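This is entry-v9.txt (compact mmCIF, C-alpha atoms and all ligand atoms).
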# COMPACT_ATOMS: atom_id res chain seq x y z
CA MET A 1 -31.87 -174.46 -0.12
CA GLU A 2 -33.38 -174.41 -3.62
CA LYS A 3 -36.07 -171.81 -4.30
CA GLU A 4 -38.57 -174.47 -5.48
CA LEU A 5 -38.22 -176.41 -2.21
CA LEU A 6 -38.72 -173.25 -0.15
CA PHE A 7 -41.90 -172.51 -2.11
CA TYR A 8 -43.16 -176.05 -1.58
CA GLN A 9 -42.49 -175.91 2.16
CA ALA A 10 -44.23 -172.54 2.41
CA TYR A 11 -47.34 -173.99 0.74
CA GLU A 12 -47.28 -177.03 3.03
CA LYS A 13 -47.25 -174.72 6.05
CA PHE A 14 -49.96 -172.52 4.54
CA TYR A 15 -52.37 -175.42 4.00
CA GLU A 16 -51.57 -176.90 7.41
CA MET A 17 -52.56 -173.54 8.91
CA ALA A 18 -55.65 -173.23 6.69
CA ALA A 19 -56.92 -176.64 7.83
CA CYS A 20 -57.21 -175.56 11.46
CA SER A 21 -57.29 -171.75 11.71
CA GLU A 22 -60.73 -170.31 12.42
CA ALA A 23 -59.23 -166.81 12.20
CA PHE A 24 -58.04 -167.46 8.64
CA GLY A 25 -61.49 -168.73 7.64
CA ALA A 26 -63.02 -165.56 9.10
CA PHE A 27 -60.46 -163.43 7.24
CA CYS A 28 -61.34 -165.10 3.92
CA ARG A 29 -65.05 -164.55 4.50
CA ASP A 30 -64.45 -160.88 5.37
CA ALA A 31 -62.00 -160.18 2.55
CA PHE A 32 -63.44 -162.32 -0.25
CA GLY A 33 -67.06 -162.96 0.72
CA GLU A 34 -66.53 -166.74 1.13
CA ASP A 35 -63.92 -168.98 2.71
CA PHE A 36 -62.06 -170.81 -0.06
CA SER A 37 -58.77 -170.74 1.94
CA GLN A 38 -57.60 -168.30 -0.70
CA ASP A 39 -53.91 -167.98 -1.24
CA GLY A 40 -54.87 -166.11 -4.38
CA PHE A 41 -57.35 -163.27 -4.60
CA SER A 42 -60.51 -164.88 -5.93
CA ASP A 43 -63.57 -163.33 -4.42
CA ILE A 44 -67.14 -164.54 -4.49
CA ASN A 45 -68.00 -162.26 -7.44
CA GLN A 46 -65.37 -163.93 -9.62
CA ILE A 47 -66.66 -167.35 -8.65
CA GLN A 48 -70.19 -166.22 -9.42
CA MET A 49 -68.92 -165.21 -12.88
CA ILE A 50 -67.62 -168.77 -13.38
CA LEU A 51 -71.00 -170.17 -12.37
CA ASP A 52 -72.66 -168.06 -15.05
CA TYR A 53 -70.65 -169.97 -17.68
CA VAL A 54 -71.15 -173.50 -16.39
CA PRO A 55 -73.34 -175.20 -19.02
CA GLU A 56 -76.82 -176.10 -17.84
CA ARG A 57 -76.68 -179.83 -18.43
CA LYS A 58 -76.12 -182.94 -16.37
CA ASP A 59 -72.73 -184.53 -15.95
CA ILE A 60 -70.55 -181.42 -15.86
CA HIS A 61 -66.84 -181.96 -15.16
CA ILE A 62 -64.80 -179.14 -13.61
CA LEU A 63 -61.03 -179.09 -13.06
CA ASP A 64 -59.20 -176.65 -10.76
CA ILE A 65 -55.47 -176.35 -11.43
CA GLY A 66 -53.66 -175.57 -8.17
CA CYS A 67 -56.87 -176.35 -6.29
CA GLY A 68 -55.40 -176.00 -2.81
CA ASN A 69 -57.72 -177.66 -0.29
CA GLY A 70 -60.55 -177.84 -2.82
CA LYS A 71 -62.96 -175.41 -1.17
CA MET A 72 -63.55 -173.43 -4.35
CA LEU A 73 -64.41 -176.64 -6.21
CA GLY A 74 -66.61 -177.74 -3.32
CA TYR A 75 -68.58 -174.52 -3.68
CA LEU A 76 -68.93 -174.99 -7.45
CA GLN A 77 -70.09 -178.56 -6.89
CA LYS A 78 -72.68 -177.43 -4.34
CA LYS A 79 -74.07 -174.97 -6.89
CA THR A 80 -73.96 -177.18 -10.01
CA GLY A 81 -73.73 -180.82 -8.93
CA ALA A 82 -70.60 -181.16 -11.08
CA PHE A 83 -67.98 -183.89 -10.82
CA ILE A 84 -64.96 -182.02 -9.47
CA TYR A 85 -61.29 -182.65 -10.22
CA GLY A 86 -58.39 -180.85 -8.61
CA PHE A 87 -54.66 -181.17 -8.44
CA ASP A 88 -52.06 -179.37 -6.41
CA TYR A 89 -48.50 -180.21 -5.51
CA SER A 90 -49.17 -179.64 -1.79
CA GLU A 91 -49.73 -182.92 0.02
CA ASN A 92 -51.39 -181.12 2.94
CA ALA A 93 -53.81 -179.36 0.60
CA ILE A 94 -54.82 -182.55 -1.18
CA THR A 95 -55.19 -184.49 2.07
CA THR A 96 -57.67 -181.87 3.30
CA ALA A 97 -59.51 -181.75 -0.04
CA LYS A 98 -59.99 -185.53 0.02
CA GLN A 99 -61.36 -185.34 3.57
CA LEU A 100 -63.73 -182.47 2.83
CA PHE A 101 -65.10 -183.53 -0.56
CA ARG A 102 -65.64 -187.26 -0.89
CA THR A 103 -68.44 -187.40 -3.44
CA ARG A 104 -68.06 -187.15 -7.22
CA SER A 105 -64.53 -185.89 -6.80
CA ASP A 106 -61.00 -186.69 -7.86
CA PHE A 107 -58.23 -184.87 -5.97
CA VAL A 108 -54.63 -185.78 -6.68
CA GLN A 109 -51.25 -184.52 -5.64
CA GLY A 110 -49.74 -183.50 -8.95
CA ILE A 111 -47.26 -181.15 -10.53
CA ILE A 112 -47.92 -178.83 -13.44
CA GLY A 113 -46.16 -180.22 -16.49
CA GLU A 114 -46.19 -183.79 -15.13
CA ILE A 115 -49.86 -184.52 -14.47
CA ASN A 116 -52.09 -185.50 -17.37
CA TYR A 117 -55.80 -186.09 -18.09
CA PRO A 118 -57.53 -187.70 -21.07
CA ALA A 119 -58.42 -185.41 -23.98
CA GLU A 120 -61.82 -183.69 -23.97
CA THR A 121 -62.63 -184.43 -20.31
CA PHE A 122 -63.63 -181.05 -18.87
CA ASP A 123 -66.47 -178.61 -19.44
CA VAL A 124 -64.82 -175.99 -17.26
CA VAL A 125 -61.19 -175.53 -16.22
CA ILE A 126 -60.13 -172.92 -13.70
CA ALA A 127 -56.65 -171.78 -12.71
CA MET A 128 -56.70 -169.03 -10.10
CA ASP A 129 -53.31 -167.50 -9.38
CA THR A 130 -51.52 -170.68 -10.38
CA LEU A 131 -50.39 -170.52 -14.01
CA TYR A 132 -47.20 -168.71 -12.91
CA PHE A 133 -45.84 -172.08 -11.83
CA ALA A 134 -45.89 -173.62 -15.31
CA PRO A 135 -42.32 -174.25 -16.50
CA ASP A 136 -43.49 -173.66 -20.09
CA LEU A 137 -46.69 -171.59 -20.13
CA SER A 138 -47.49 -172.02 -23.85
CA GLU A 139 -47.03 -175.77 -23.65
CA PHE A 140 -49.18 -176.00 -20.51
CA VAL A 141 -51.99 -173.90 -21.98
CA GLY A 142 -51.91 -176.19 -25.05
CA GLN A 143 -52.23 -179.19 -22.74
CA ILE A 144 -55.20 -177.60 -20.92
CA MET A 145 -56.92 -176.95 -24.26
CA ASN A 146 -56.50 -180.63 -25.06
CA TRP A 147 -58.08 -181.63 -21.73
CA MET A 148 -61.14 -179.48 -22.42
CA LYS A 149 -64.22 -180.41 -24.37
CA LYS A 150 -64.67 -178.53 -27.64
CA ASP A 151 -67.16 -176.10 -26.07
CA GLY A 152 -65.28 -175.95 -22.76
CA VAL A 153 -64.56 -172.74 -20.84
CA PHE A 154 -61.21 -171.82 -19.28
CA PHE A 155 -61.07 -169.26 -16.45
CA VAL A 156 -57.71 -167.81 -15.50
CA GLY A 157 -56.93 -165.57 -12.54
CA TYR A 158 -53.54 -164.05 -13.28
CA GLN A 159 -51.92 -161.01 -11.71
CA GLY A 160 -49.73 -159.00 -14.02
CA ALA A 161 -49.96 -157.97 -17.64
CA ASP A 162 -47.45 -160.25 -19.29
CA ILE A 163 -49.63 -163.25 -20.21
C1 LIG B 201 -51.17 -168.68 -5.31
S1 LIG B 201 -51.78 -170.29 -4.82
C2 LIG B 201 -53.45 -170.25 -5.44
C3 LIG B 201 -54.29 -171.32 -4.79
C4 LIG B 201 -55.78 -171.28 -5.17
N1 LIG B 201 -55.98 -171.56 -6.59
C5 LIG B 201 -56.40 -169.95 -4.80
O1 LIG B 201 -56.90 -169.25 -5.70
O2 LIG B 201 -56.40 -169.63 -3.61
C6 LIG B 201 -50.94 -171.38 -5.94
C7 LIG B 201 -51.30 -172.85 -5.75
O3 LIG B 201 -50.56 -173.63 -6.69
C8 LIG B 201 -49.93 -174.72 -6.04
N2 LIG B 201 -48.69 -174.98 -6.79
C9 LIG B 201 -47.57 -174.24 -6.81
N3 LIG B 201 -46.67 -174.74 -7.68
C10 LIG B 201 -47.26 -175.83 -8.23
C11 LIG B 201 -46.84 -176.79 -9.20
N4 LIG B 201 -45.64 -176.71 -9.78
N5 LIG B 201 -47.70 -177.78 -9.53
C12 LIG B 201 -48.93 -177.87 -8.93
N6 LIG B 201 -49.38 -177.00 -8.00
C13 LIG B 201 -48.55 -175.98 -7.66
C14 LIG B 201 -49.73 -174.26 -4.59
O4 LIG B 201 -49.64 -175.33 -3.68
C15 LIG B 201 -50.97 -173.39 -4.37
O5 LIG B 201 -52.07 -174.14 -3.92
Will you turn the file into structure tokens for me?
Amino acid sequence: MEKELLFYQAYEKFYEMAACSEAFGAFCRDAFGEDFSQDGFSDINQIQMILDYVPERKDIHILDIGCGNGKMLGYLQKKTGAFIYGFDYSENAITTAKQLFRTRSDFVQGIIGEINYPAETFDVVIAMDTLYFAPDLSEFVGQIMNWMKKDGVFFVGYQGADI
């Protein structure tokens, strides 16, 4: 079986588990300080750092690339009132995100390199442990810059030193 398909299936299983496992929620709270169904390593301090950079004005738009089930965005929305956008290629993840966060939100199943947004849409873009999946990293970062407003902020969680 192709490696990409195996990865996809693994993420489908992961988000199916995350949607119903109380033990996993408890693990995330213990390990990271908040349950965002982390498959990455974002803890509450990192998210607090993002909040410090969200502009203090109305009508903020935040995008999470590889948003999983949207819990991180839901937290940011609770704190800022932002309109939240997320995409992820996992159908299970996006199904849960749509169920959990119905207000001022736009969650879509989408693939890095294929999905697109209008230019200058976002005040804040986050990509936690997800940029590795870009087929062409430079091209994708260029696309993200185009999606952001001129004074937008881009937060990247990336393990490894080769970015
Ligand atoms: C390591 S997880 C990080 C998830 C989340 N951002 C976090 O911090 O917990 C990577 C995420 O990217 C998604 N993903 C993987 N490849 C993708 C692709 N080609 N396009 C869109 N999403 C992808 C996975 O479904 C998963 O939710």
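Shortest atom-to-atom contact with A:Asn69 among A:Phe24, A:Tyr15, A:Trp147, A:Tyr53: A:Tyr15, counting only C-alpha atoms.
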Give the residue list for ligand LIG 201 (chain B) at 6 Å, counting all atoms listed in the file, as a PyMOL selection string, sorted by chain and then by residue number. chain A and resi 11+38-40+42+66-68+88-90+110-112+128-130+133
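Interatomic distance, atom CA of A:Lys13 to atom CA of A:Leu137: 26.4 Å.
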Quick one: residues within 12 Å of (-60.0, -166.4, -8.7) (file frame), counting all atoms listed in the file, please, as an NGL selection string. :A and (32 or 34 or 36-50 or 64-67 or 72-73 or 125-131 or 154-159)
Output file for the selection above: C-alpha atoms, as an mmCIF file, in the coordinates of the input:
data_model
loop_
_atom_site.group_PDB
_atom_site.id
_atom_site.type_symbol
_atom_site.label_atom_id
_atom_site.label_comp_id
_atom_site.auth_asym_id
_atom_site.auth_seq_id
_atom_site.Cartn_x
_atom_site.Cartn_y
_atom_site.Cartn_z
ATOM 1 C CA PHE A 32 -63.440 -162.320 -0.250
ATOM 2 C CA GLU A 34 -66.530 -166.740 1.130
ATOM 3 C CA PHE A 36 -62.060 -170.810 -0.060
ATOM 4 C CA SER A 37 -58.770 -170.740 1.940
ATOM 5 C CA GLN A 38 -57.600 -168.300 -0.700
ATOM 6 C CA ASP A 39 -53.910 -167.980 -1.240
ATOM 7 C CA GLY A 40 -54.870 -166.110 -4.380
ATOM 8 C CA PHE A 41 -57.350 -163.270 -4.600
ATOM 9 C CA SER A 42 -60.510 -164.880 -5.930
ATOM 10 C CA ASP A 43 -63.570 -163.330 -4.420
ATOM 11 C CA ILE A 44 -67.140 -164.540 -4.490
ATOM 12 C CA ASN A 45 -68.000 -162.260 -7.440
ATOM 13 C CA GLN A 46 -65.370 -163.930 -9.620
ATOM 14 C CA ILE A 47 -66.660 -167.350 -8.650
ATOM 15 C CA GLN A 48 -70.190 -166.220 -9.420
ATOM 16 C CA MET A 49 -68.920 -165.210 -12.880
ATOM 17 C CA ILE A 50 -67.620 -168.770 -13.380
ATOM 18 C CA ASP A 64 -59.200 -176.650 -10.760
ATOM 19 C CA ILE A 65 -55.470 -176.350 -11.430
ATOM 20 C CA GLY A 66 -53.660 -175.570 -8.170
ATOM 21 C CA CYS A 67 -56.870 -176.350 -6.290
ATOM 22 C CA MET A 72 -63.550 -173.430 -4.350
ATOM 23 C CA LEU A 73 -64.410 -176.640 -6.210
ATOM 24 C CA VAL A 125 -61.190 -175.530 -16.220
ATOM 25 C CA ILE A 126 -60.130 -172.920 -13.700
ATOM 26 C CA ALA A 127 -56.650 -171.780 -12.710
ATOM 27 C CA MET A 128 -56.700 -169.030 -10.100
ATOM 28 C CA ASP A 129 -53.310 -167.500 -9.380
ATOM 29 C CA THR A 130 -51.520 -170.680 -10.380
ATOM 30 C CA LEU A 131 -50.390 -170.520 -14.010
ATOM 31 C CA PHE A 154 -61.210 -171.820 -19.280
ATOM 32 C CA PHE A 155 -61.070 -169.260 -16.450
ATOM 33 C CA VAL A 156 -57.710 -167.810 -15.500
ATOM 34 C CA GLY A 157 -56.930 -165.570 -12.540
ATOM 35 C CA TYR A 158 -53.540 -164.050 -13.280
ATOM 36 C CA GLN A 159 -51.920 -161.010 -11.710
#
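Nearest-residue note for A:Phe107: choosing from A:Tyr132, A:Tyr85, A:Phe140, A:Tyr75, the minimum distance belongs to A:Tyr85, counting all atoms listed in the file.
Relative to atom CA of A:Ser105, atom CA of A:Phe83 is found at 5.7 Å.
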Point (-78.1, -181.6, -12.1) neighbourhood (10 Å, all atoms listed in the file) written as a ChimeraX atom specification: /A:56-60,79-82
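Straight-line separation from atom CA of A:Gly74 to atom CA of A:Gln9: 24.8 Å.
Among A:Val108, A:Val124, A:Cys28, A:Ala119, the residue with the shortest atom-to-atom distance to A:Leu76, counting all atoms listed in the file, is A:Val124.
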Point out the residue among A:Glu91, A:Glu120, A:Glu22, A:Glu139 with the least atom-to-atom distance to A:Ile62, counting only C-alpha atoms. A:Glu120
